[in-house]
Each structure stands twice: as structure tokens, then as C-alpha cells.
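Enquirer: So here's final08.cif, just mmCIF, C-alpha atoms:
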data_work
loop_
_atom_site.label_atom_id
_atom_site.label_comp_id
_atom_site.auth_asym_id
_atom_site.auth_seq_id
_atom_site.Cartn_x
_atom_site.Cartn_y
_atom_site.Cartn_z
CA VAL H 23 4.44 19.56 -1.11
CA TYR H 24 7.21 18.95 1.37
CA SER H 25 10.82 17.83 1.69
CA ILE H 26 12.35 15.56 4.28
CA LEU H 27 15.65 16.92 5.60
CA PRO H 28 18.69 14.71 6.35
CA LEU H 29 17.90 13.90 10.00
CA GLY H 30 14.27 13.10 9.16
CA TRP H 31 15.40 11.01 6.16
CA ARG H 32 17.65 8.95 8.45
CA ALA H 33 14.68 8.33 10.75
CA VAL H 34 12.48 7.32 7.78
CA HIS H 35 15.12 4.82 6.61
CA LYS H 36 15.43 3.36 10.10
CA ILE H 37 11.66 2.87 10.32
CA GLU H 38 11.58 1.36 6.83
CA GLY H 39 14.28 -1.10 7.93
CA ILE H 40 12.11 -2.24 10.84
CA ILE H 41 9.10 -2.57 8.54
CA ARG H 42 11.06 -4.59 5.96
CA SER H 43 12.42 -6.87 8.66
CA GLU H 44 8.94 -7.65 10.01
CA MET H 45 7.36 -8.03 6.55
CA ASP H 46 10.12 -10.44 5.49
CA ALA H 47 9.84 -12.42 8.74
CA ALA H 48 6.09 -12.82 8.12
CA GLY H 49 6.74 -14.23 4.63
CA GLY H 50 6.42 -11.05 2.59
CA GLN H 51 8.53 -10.49 -0.51
CA GLU H 52 9.45 -6.95 -1.49
CA LEU H 53 9.05 -5.69 -5.03
CA HIS H 54 8.78 -2.34 -6.79
CA MET H 55 5.89 -1.33 -9.03
CA PRO H 56 5.42 1.68 -11.32
CA VAL H 57 4.14 5.01 -10.04
CA LEU H 58 2.81 5.83 -13.52
CA GLN H 59 -0.03 3.42 -14.34
CA PRO H 60 -2.18 2.93 -17.45
CA ALA H 61 -5.67 4.35 -16.83
CA GLU H 62 -7.24 1.32 -18.51
CA LEU H 63 -6.26 -0.81 -15.49
CA TRP H 64 -8.33 1.54 -13.34
CA GLU H 65 -11.21 1.51 -15.81
CA GLU H 66 -11.15 -2.31 -15.93
CA SER H 67 -11.42 -2.52 -12.13
CA GLY H 68 -14.16 0.11 -11.98
CA ARG H 69 -12.20 2.11 -9.42
CA LYS H 70 -11.33 5.05 -11.66
CA ALA H 71 -14.83 6.41 -11.07
CA ALA H 72 -14.72 5.44 -7.38
CA PHE H 73 -11.56 7.48 -6.79
CA GLY H 74 -13.00 10.37 -8.81
CA ASP H 75 -11.20 13.69 -8.43
CA ASN H 76 -8.75 12.17 -5.94
CA LEU H 77 -7.01 10.39 -8.84
CA PHE H 78 -4.19 12.34 -10.50
CA THR H 79 -4.59 11.82 -14.26
CA LEU H 80 -2.45 12.79 -17.23
CA GLU H 81 -1.67 11.74 -20.79
CA ASP H 82 1.66 10.56 -22.13
CA ARG H 83 3.09 11.99 -25.36
CA ARG H 84 1.09 9.47 -27.40
CA GLY H 85 -2.16 10.63 -25.79
CA ARG H 86 -2.61 7.48 -23.67
CA PRO H 87 -4.42 8.21 -20.41
CA MET H 88 -2.32 7.50 -17.31
CA VAL H 89 -2.71 7.89 -13.55
CA LEU H 90 -0.24 8.54 -10.76
CA GLY H 91 -0.68 5.56 -8.45
CA PRO H 92 -2.74 6.25 -5.32
CA THR H 93 -2.39 2.54 -4.54
CA HIS H 94 -1.36 -0.56 -6.48
CA GLU H 95 -4.16 -3.15 -6.41
CA GLU H 96 -4.68 -2.84 -10.16
CA VAL H 97 -0.98 -3.26 -10.99
CA ILE H 98 -0.32 -6.13 -8.57
CA THR H 99 -3.42 -7.99 -9.77
CA LEU H 100 -2.20 -7.77 -13.37
CA LEU H 101 1.29 -8.86 -12.31
CA VAL H 102 0.00 -11.91 -10.44
CA ARG H 103 -2.50 -12.74 -13.20
CA GLN H 104 0.40 -12.82 -15.68
CA ASN H 105 2.83 -14.77 -13.46
CA VAL H 106 0.95 -17.16 -11.18
CA ALA H 107 -0.09 -20.26 -13.10
CA SER H 108 -1.44 -22.52 -10.36
CA TYR H 109 -2.79 -22.54 -6.82
CA ARG H 110 0.47 -24.36 -6.02
CA ASP H 111 2.23 -21.00 -6.54
CA LEU H 112 0.24 -19.60 -3.62
CA PRO H 113 0.32 -18.05 -1.10
CA GLN H 114 2.09 -14.92 -2.25
CA MET H 115 2.52 -11.89 0.00
CA LEU H 116 4.06 -9.08 -2.04
CA TYR H 117 4.85 -5.65 -0.63
CA GLN H 118 6.51 -2.37 -1.44
CA ILE H 119 7.33 0.93 0.19
CA GLN H 120 6.70 3.64 -2.36
CA THR H 121 5.42 7.13 -3.03
CA LYS H 122 1.66 7.38 -3.65
CA PHE H 123 -0.37 10.27 -5.04
CA ARG H 124 -3.91 11.30 -4.10
CA ASP H 125 -5.39 14.66 -5.04
CA GLU H 126 -7.42 14.95 -1.85
CA PRO H 127 -8.86 18.22 -0.56
CA ARG H 128 -6.33 20.23 1.42
CA PRO H 129 -5.87 18.57 4.82
CA ARG H 130 -5.69 20.30 8.17
CA GLY H 131 -3.76 17.48 9.86
CA GLY H 132 -0.17 18.28 8.88
CA LEU H 133 1.48 15.43 6.96
CA LEU H 134 -1.26 12.86 7.59
CA ARG H 135 -3.32 13.28 4.41
CA VAL H 136 -1.14 15.05 1.87
CA ARG H 137 -1.19 14.65 -1.90
CA GLU H 138 2.16 12.84 -2.08
CA PHE H 139 3.16 10.36 0.61
CA ASP H 140 5.10 7.16 1.18
CA MET H 141 3.16 4.03 1.99
CA LYS H 142 3.96 0.40 2.70
CA ASP H 143 1.40 -1.75 0.98
CA LEU H 144 1.23 -5.54 1.01
CA TYR H 145 -0.98 -7.68 -1.18
CA SER H 146 -1.66 -11.31 -0.34
CA PHE H 147 -2.85 -13.88 -2.83
CA ASP H 148 -4.13 -17.11 -1.31
CA ALA H 149 -5.68 -20.32 -2.62
CA ASN H 150 -8.71 -20.14 -0.30
CA GLU H 151 -10.38 -18.28 2.60
CA ASP H 152 -8.38 -20.18 5.23
CA GLY H 153 -5.14 -19.13 3.56
CA LEU H 154 -6.34 -15.55 3.37
CA GLU H 155 -7.14 -15.56 7.09
CA GLU H 156 -3.69 -16.99 7.88
CA SER H 157 -1.99 -14.28 5.79
CA TYR H 158 -4.11 -11.58 7.46
CA GLN H 159 -3.21 -12.83 10.94
CA LYS H 160 0.50 -12.83 10.02
CA MET H 161 0.19 -9.20 8.99
CA LEU H 162 -1.65 -8.21 12.17
CA ARG H 163 1.22 -9.74 14.18
CA ALA H 164 3.82 -8.05 11.97
CA TYR H 165 2.22 -4.63 12.47
CA ALA H 166 2.06 -5.14 16.23
CA ASN H 167 5.76 -6.08 16.16
CA ILE H 168 6.61 -2.95 14.16
CA PHE H 169 4.93 -0.66 16.68
CA ASP H 170 6.54 -2.54 19.58
CA ARG H 171 10.00 -2.20 18.01
CA CYS H 172 9.38 1.52 17.50
CA ALA H 173 8.26 1.81 21.15
CA LEU H 174 4.88 3.17 20.05
CA PRO H 175 1.95 1.91 22.14
CA SER H 176 -0.72 1.34 19.52
CA LEU H 177 -4.36 0.32 19.56
CA ARG H 178 -5.81 -1.95 16.89
CA VAL H 179 -9.24 -0.77 15.77
CA GLU H 180 -11.69 -1.98 13.16
CA ALA H 181 -11.64 0.19 10.04
CA ASP H 182 -13.58 0.84 6.87
CA SER H 183 -11.94 -0.59 3.72
CA GLY H 184 -13.33 2.30 1.68
CA ALA H 185 -12.84 2.20 -2.10
CA ILE H 186 -10.47 -0.76 -1.75
CA GLY H 187 -13.14 -3.04 -0.33
CA GLY H 188 -12.64 -6.30 1.51
CA LYS H 189 -14.05 -8.27 4.41
CA ASP H 190 -11.79 -7.27 7.31
CA SER H 191 -9.86 -4.10 7.85
CA HIS H 192 -7.95 -2.78 10.84
CA GLU H 193 -5.94 0.31 11.57
CA PHE H 194 -3.37 0.87 14.27
CA ILE H 195 -3.72 4.19 16.02
CA LEU H 196 -1.71 5.99 18.67
CA GLU H 197 -3.37 7.79 21.53
CA ALA H 198 -2.77 11.52 21.70
CA GLU H 199 -4.03 14.31 23.90
#
Translate the structure described by the file into C-alpha cells.

Expert:
Amino acid sequence: VYSILPLGWRAVHKIEGIIRSEMDAAGGQELHMPVLQPAELWEESGRKAAFGDNLFTLEDRRGRPMVLGPTHEEVITLLVRQNVASYRDLPQMLYQIQTKFRDEPRPRGGLLRVREFDMKDLYSFDANEDGLEESYQKMLRAYANIFDRCALPSLRVEADSGAIGGKDSHEFILEAE
């Protein structure tokens, strides 16, 4: 549990501004999704069990099981399923910057893997594999632009998609001593 003081909060907002600028330039559209999510969405996807003890769970006053969002694939999929009627509505690249919650074992790396953190997540919905590849390449360029604008020399490395799954995954890392 931590607080961000005024100077740090100004820096966070400045970085978020750069991120929003690059996401928008790449065709992303910002939205805001709920932190509190119905557990049945996670049961439907099969990922409630995959996240296991890392998932914060609770019940509302009516006894309905809920989770604090560690990510938003379940919510965005429902949203698109309810609002996209045709392949002609695609592609869609929807993103948000929001607080996430993961009840991970106590980290030793400072603020890198804490239980509550802010994350920018973008979800692309494409009509076919070619469209997906185009969206993915736009995001790779956008991330490179973000690190360039922040004057952070980054390295792009292949990554494991973990519980989220997927064909390709990359992370951008910074060298440190």
C-alpha cells in the first residue's frame, strides 16, 4: 500500500499524457471500465481458476460474488460483444489507464509487483489475422515512441503471455546495473 505525493503525481500525469497521445495517434480510443467486476465473467472465461489466489474476491450486499479487476479482458469482451454488430465495425482498439488489483505474494522489487497498481491496457478487436497483426505493429511502434519521448532507452524482448494467452507478446525493458 503506497501513496504518490504531489511531485510524483505530476510526473505520473505527464507520463500518462505522453501515453494517451501515442495511443490516440495509433488509432486507440480511451474508455473507462469498472474496477469491481462480476465473478461470473471470470468463471465464464475460465480464468478465475487460472488467477487463483492472486484474484481479490468479495461479495456485494446481495451476496453476489465480485472481483477487483486484475485486468479487463472479461469486461471488454462483454462490452464489444454487446456493441459490435458487424465486422464492418472493426477494427477497434480500446484502451484505459486504471488501477488494477492482484493479491500476489509480497514482492521484493519495490513498486514493480505490488497489489494495487496503475496500468495502461489496450484491447484490439480485428476482423482477421492480418488486421490483428496490423494493430499489434501499431502498438509496438506506439510503445517505442513512448519510451523515446520519455528519453528511456528500451529493449524490446519476447515475453510470455501467461494467464492472458495469445500468440505474440513483447515487453519493453530498461537496462540497469

Enquirer: One decimal, Å: what's the distance from atom CA of Phe147 of chain H over to atom CA of Gln114 of chain H, could you say?

Expert: 5.1 Å

Enquirer: Could you spell out the hits of the PyMOL selection byres ((chain H and resi 85-92) around 8) on the shown file, as a list in words?

Expert: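 So the PyMOL selection byres ((chain H and resi 85-92) around 8), applied here, picks out Pro56, Val57, Leu58, Gln59, Pro60, Ala61, Glu62, Leu77, Phe78, Thr79, Leu80, Glu81, Asp82, Arg83, Arg84, Thr93, His94, Lys122, Phe123 and Arg124 of chain H.
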
Enquirer: What is the atom CA of Glu38 of chain H-atom CA of Ala173 of chain H distance in Å, reported with one decimal?

Expert: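 If I compute the distance from atom CA of Glu38 of chain H to atom CA of Ala173 of chain H, I get 14.7 Å.
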
Enquirer: Near Asp182 of chain H, counting all atoms listed in the file, which residues have an atom at most 12 Å away, once you skip same-chain residues fewer than 6 positions from it, shown as a list in words?

Expert: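 Counting only the stated atoms, we get Gly188, Lys189, Asp190, Ser191, His192 and Glu193 of chain H.
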
Enquirer: Quick one: residues within 9 Å of Ile119 of chain H, all atoms listed in the file, excluding same-chain residues fewer than 4 positions away - as a list in words?

Expert: Glu38, Arg42, Glu52, Leu53, His54, Asp140, Met141, Lys142, Asp143 and Leu144 of chain H

Enquirer: Quick check on the file I pasted: which residues fall under the PyMOL selection byres ((chain H and resi 196) around 6)? Write them as a list in words.

Expert: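 For this structure, the PyMOL selection byres ((chain H and resi 196) around 6) resolves to Ser176, Ile195 and Glu197 of chain H.
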
Enquirer: Rank nothing, just name the residue among H:Ala47, H:Ala181, H:Val136, H:Met55 nearest to Val23 of chain H, using all atoms listed in the file.

Expert: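 Checking each candidate against Val23 of chain H, we get H:Val136 as the closest.
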
Enquirer: Report, in Å to a single decimal, how far apart atom CA of Arg171 of chain H and atom CA of Ile40 of chain H are.

Expert: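 These atoms are spaced 7.5 Å apart.
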
Enquirer: Applying 10 Å and only C-alpha atoms, which residues near Asn167 of chain H remain after dropping the ones on its own chain fewer than 3 positions away? List them as a PyMOL selection string.

Expert: chain H and resi 40-41+44-45+161-164+170-173

Enquirer: Rank H:Ala198, H:Tyr109, H:Glu155, H:Leu174 by their smallest atom-to-atom distance to Ile37 of chain H, using only C-alpha atoms, and report the top residue only.

Expert: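 Comparing H:Ala198, H:Tyr109, H:Glu155, H:Leu174 against Ile37 of chain H, the winner is H:Leu174.
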
Enquirer: Using all atoms listed in the file, find the one residue out of H:Glu95, H:Val179, H:Leu112, H:Ser25 that sits nearest to Ser67 of chain H.

Expert: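 Ranked by minimum distance to Ser67 of chain H, first place goes to H:Glu95.
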
Enquirer: Using only C-alpha atoms, which of H:Phe194, H:Tyr145, H:Tyr165, H:Gln120 sits nearest Arg178 of chain H?

Expert: H:Phe194

Enquirer: Let me have the centre and edge lengths in Å, one decimal, of the box along x, y and z around every listed atom of segment 77-83 of chain H with 8 Å of margin on each side, as lines of an AutoDock Vina configuration file.

Expert:
center_x = -2.0
center_y = 11.6
center_z = -17.1
size_x = 26.1
size_y = 18.4
size_z = 32.5

Enquirer: Which residue, H:Ala149, H:Ala166, H:Ala48, H:Val97, has the smallest gap to Met115 of chain H when you use all atoms listed in the file?

Expert: H:Ala48

Enquirer: Name the closest residue to Glu65 of chain H among the candidates H:Glu96, H:Lys36, H:Asp125, H:Ile168; distances are taken between atoms, counting all atoms listed in the file.

Expert: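 Closest to Glu65 of chain H, using all atoms listed in the file: H:Glu96.
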